[in-house]
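Participant: Before we start, here is the structure in question, set down as structure tokens.
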Amino acid sequence: ASGVVILPKVSGSYPRVSFQHGTIAANSQAPSMLPLSSTELLLYTSLASPGFITAIPDFIGFGSSNNVLHPYYVRDQTASSVIDMLKAAKELAREKGLGFNGKLFLAGYSQGGYATMATHREIEKSGLDGFNLVASFPSSGGYDVKGMQEYFFSLDTYDQPFFIGYVAMAYRTAFAWTQPVSDFFQEPYATRLPSLFNGKKTGQEINEQLTMSIKDLVSVDLLTKIESDTRYKYIVDAFKDNSLVDWKPTIPMYMYHGDIDVTVPYNNSVISYNTLIANGASKSVVTFTTIPGTHYTGVTPYLEDFIPKMLSLK
């Protein structure tokens, strides 16, 4: 696996932040493949400049592991890729003569929000030697994967259909499902989909090969019978198993979501937050901040709020 590590230039002992990027489909969009002048790398550099060792994982399926399909919204593989990147970045910083004071922060937006929460959950569950997780800042992720499926299936049209195909192809690969793609999608999309996620096409290019009409994209049986037909129990179970609503955080987690987001719906975060509180999490430990904006315009308000909070805790 691979990723980017950005180090402060002044020697010393620093906290660490791992920032998880949003959904990408093309390998050229992976952090380690970006040109040094890119907006994304400038953003990541700004996270390091106040005095953080900053890690940005590519995620499995990109960079040096681009020969495999990215396990999109697969909980355990997502968390392990972030944790392994943290360990590698710690080793690199030591080789470069920088100390690590033990404090760890996690942040990410969209799929990166899901990856952030999945990693937070795994660290609380299994621990991480040499790291003291201080807080995480997940924003605008589809934490309740089953809820995301229900949302998609309730729509007439969706302007990012590659998200739906991405989850299906990733789960089919990650969990070795042998059912044909035509069990999930209608033609001609069932035939097209396996070749679309080849690491060369962007999400927009994949969208152009699909349809925004849910009733024309998704198999009629799956669309109408996913809850009632036992043939689809394995899909329902996988969506539930990879959701992030089955735990009780005890380390501070600051959740965010844009109030008019319909790409990853605002209500998915509201439901996820309420479920975590119902599980016994304290409202002083897990907070939820509504930020203004869509999935795309909510990024700046998120950054403007979470970075000062993180700095106050460093």
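Naming works like this for the structure tokens: A, B, ... for the chains as they're shown, residue 1 at the start of each chain, ligands 1 onward in shown order.
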Quick one: contact table of stretch 4-97 of chain A to stretch 113-135 of chain A, 10 Å max, nearest atom pair and distance in Å to one decimal per residue, counting only C-alpha atoms, chain and number order, as CSV?
Facilitator:
residue,atom,partner,partner_atom,distance
A:Pro15,CA,A:Asn132,CA,9.6
A:Arg16,CA,A:Phe131,CA,9.0
A:Val17,CA,A:Leu133,CA,9.8
A:Ser18,CA,A:Thr116,CA,8.5
A:Phe19,CA,A:Thr116,CA,7.8
A:Gln20,CA,A:Ala115,CA,6.5
A:His21,CA,A:Gly113,CA,8.1
A:Gly22,CA,A:Gly113,CA,7.7
A:Phe59,CA,A:Ala115,CA,9.5
A:Tyr72,CA,A:Ala115,CA,9.7
A:Tyr73,CA,A:Tyr114,CA,7.4
A:Val74,CA,A:Ala115,CA,9.1
A:Arg75,CA,A:Ala118,CA,6.0
A:Asp76,CA,A:Ala118,CA,7.4
A:Gln77,CA,A:Ala118,CA,9.4
A:Thr78,CA,A:Ala115,CA,5.9
A:Ala79,CA,A:Thr119,CA,4.4
A:Ser80,CA,A:Thr119,CA,7.4
A:Ser81,CA,A:Thr119,CA,8.9
A:Val82,CA,A:Thr119,CA,6.8
A:Ile83,CA,A:Thr119,CA,7.1
A:Leu86,CA,A:Phe131,CA,9.2
A:Lys87,CA,A:Gly130,CA,9.2
A:Lys90,CA,A:Gly130,CA,9.5
Participant: Could you pull the residues within 10 Å of A:Asp144, counting only C-alpha atoms, minus those fewer than 6 positions along the same chain, as a list in words?
Facilitator: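 Using only C-alpha atoms, the neighbours found are Tyr114, Glu150, Phe239, Lys240, Asp241, Asn242, Ser243, Leu244, Val245, Asp246, Asn268, Ser269, Ile271, Ser272, Tyr273 and Thr275 of chain A.
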Participant: Using backbone DSSP assignments, extract all helix (DSSP H, G or I) residues from stretch 145-300 of chain A; output them as a VMD selection string.
Facilitator: chain A and resid 145 to 154 161 to 174 181 to 183 189 to 196 203 to 207 214 to 217 220 to 225 230 to 241 266 to 278 299 to 300
Participant: Considering only C-alpha atoms, can you say which of A:Val167, A:Leu222, A:Leu104, A:Leu193 comes closest to A:Leu313?
Facilitator: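 Residue with the minimum atom-to-atom distance to A:Leu313: A:Leu104.
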Participant: In Å, with one decimal, what is the gap from atom CA of A:Ala1 to atom CA of A:Ser32?
Facilitator: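 Atom CA of A:Ser32 lies at a distance of 10.6 Å from atom CA of A:Ala1.
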Participant: Between A:Met310, A:Ser64, A:Phe184, A:Leu47, which one has atoms that come closest to A:Arg172, using only C-alpha atoms?
Facilitator: A:Phe184
Participant: Report the residues of stretch 153-269 of chain A whose backbone DSSP state falls under strand (DSSP E or B), written as a PyMOL selection string.
Facilitator: chain A and resi 157+185+213+218+253-258
Participant: List the neighbours of A:Met169 out to 12 Å using only C-alpha atoms; skip same-chain residues closer than 6 positions along the sequence, and give me the result as a PyMOL selection string.
Facilitator: chain A and resi 68-74+162-163+175-185+190+192-198
Participant: Using only C-alpha atoms, which of A:Asp305, A:Val4, A:Ser110, A:Glu205 sits nearest A:Asp58?
Facilitator: A:Val4
Participant: Name the closest residue to A:Thr297 among the candidates A:Leu311, A:Ala55, A:Ile260, A:Met85; distances are taken between atoms, counting only C-alpha atoms.
Facilitator: A:Ile260
Participant: Point out the residue among A:Thr224, A:Thr230, A:Thr263, A:Ser282 with the least atom-to-atom distance to A:Lys248, counting only C-alpha atoms.
Facilitator: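 The closest residue to A:Lys248 is A:Ser282.
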Participant: Within 7 Å of stretch 208-211 of chain A, counting only C-alpha atoms, which residues qualify if same-chain residues fewer than 4 places away don't, as a PyMOL selection string?
Facilitator: chain A and resi 161+189+204+217
Participant: Could you write out that same residue set with all heavy atoms as a PDB file, in the first residue's frame?
Facilitator:
ATOM      1  N   PRO A 161     -24.410   7.796 -10.219  1.00  0.00           N
ATOM      2  CA  PRO A 161     -24.694   6.360 -10.211  1.00  0.00           C
ATOM      3  C   PRO A 161     -23.452   5.488 -10.061  1.00  0.00           C
ATOM      4  O   PRO A 161     -23.555   4.338  -9.634  1.00  0.00           O
ATOM      5  CB  PRO A 161     -25.376   6.119 -11.565  1.00  0.00           C
ATOM      6  CG  PRO A 161     -24.914   7.245 -12.435  1.00  0.00           C
ATOM      7  CD  PRO A 161     -24.799   8.423 -11.512  1.00  0.00           C
ATOM      8  N   TYR A 189     -25.938  -2.197 -18.459  1.00  0.00           N
ATOM      9  CA  TYR A 189     -25.010  -1.769 -17.405  1.00  0.00           C
ATOM     10  C   TYR A 189     -24.348  -2.941 -16.697  1.00  0.00           C
ATOM     11  O   TYR A 189     -23.188  -2.842 -16.289  1.00  0.00           O
ATOM     12  CB  TYR A 189     -25.751  -0.860 -16.418  1.00  0.00           C
ATOM     13  CG  TYR A 189     -26.557   0.182 -17.142  1.00  0.00           C
ATOM     14  CD1 TYR A 189     -27.954   0.136 -17.151  1.00  0.00           C
ATOM     15  CD2 TYR A 189     -25.922   1.167 -17.897  1.00  0.00           C
ATOM     16  CE1 TYR A 189     -28.697   1.071 -17.852  1.00  0.00           C
ATOM     17  CE2 TYR A 189     -26.665   2.103 -18.618  1.00  0.00           C
ATOM     18  CZ  TYR A 189     -28.047   2.044 -18.596  1.00  0.00           C
ATOM     19  OH  TYR A 189     -28.774   2.952 -19.312  1.00  0.00           O
ATOM     20  N   GLN A 204     -16.721  10.616 -13.091  1.00  0.00           N
ATOM     21  CA  GLN A 204     -17.558  11.256 -14.097  1.00  0.00           C
ATOM     22  C   GLN A 204     -17.565  10.453 -15.392  1.00  0.00           C
ATOM     23  O   GLN A 204     -18.611  10.311 -16.048  1.00  0.00           O
ATOM     24  CB  GLN A 204     -17.068  12.678 -14.364  1.00  0.00           C
ATOM     25  CG  GLN A 204     -17.963  13.471 -15.312  1.00  0.00           C
ATOM     26  CD  GLN A 204     -19.413  13.510 -14.866  1.00  0.00           C
ATOM     27  OE1 GLN A 204     -19.705  13.737 -13.688  1.00  0.00           O
ATOM     28  NE2 GLN A 204     -20.330  13.278 -15.794  1.00  0.00           N
ATOM     29  N   LEU A 217     -31.381   1.292 -13.829  1.00  0.00           N
ATOM     30  CA  LEU A 217     -30.033   0.823 -13.485  1.00  0.00           C
ATOM     31  C   LEU A 217     -30.063  -0.459 -12.664  1.00  0.00           C
ATOM     32  O   LEU A 217     -29.384  -1.441 -12.990  1.00  0.00           O
ATOM     33  CB  LEU A 217     -29.294   1.917 -12.697  1.00  0.00           C
ATOM     34  CG  LEU A 217     -27.890   1.573 -12.190  1.00  0.00           C
ATOM     35  CD1 LEU A 217     -26.928   1.357 -13.351  1.00  0.00           C
ATOM     36  CD2 LEU A 217     -27.378   2.678 -11.253  1.00  0.00           C
TER      37      LEU A 217
END
Participant: Please measure the separation of atom CA of A:Ser46 and atom CA of A:Leu303, giving the value in Å to one decimal.
Facilitator: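 Separation between atom CA of A:Ser46 and atom CA of A:Leu303: 10.8 Å.
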Participant: Out of A:Gly112, A:Pro188, A:Val218, A:Lys96, which residue has the shortest atom-to-atom distance to A:Asp156 when counting only C-alpha atoms?
Facilitator: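 For A:Asp156, the nearest of the given residues is A:Val218.
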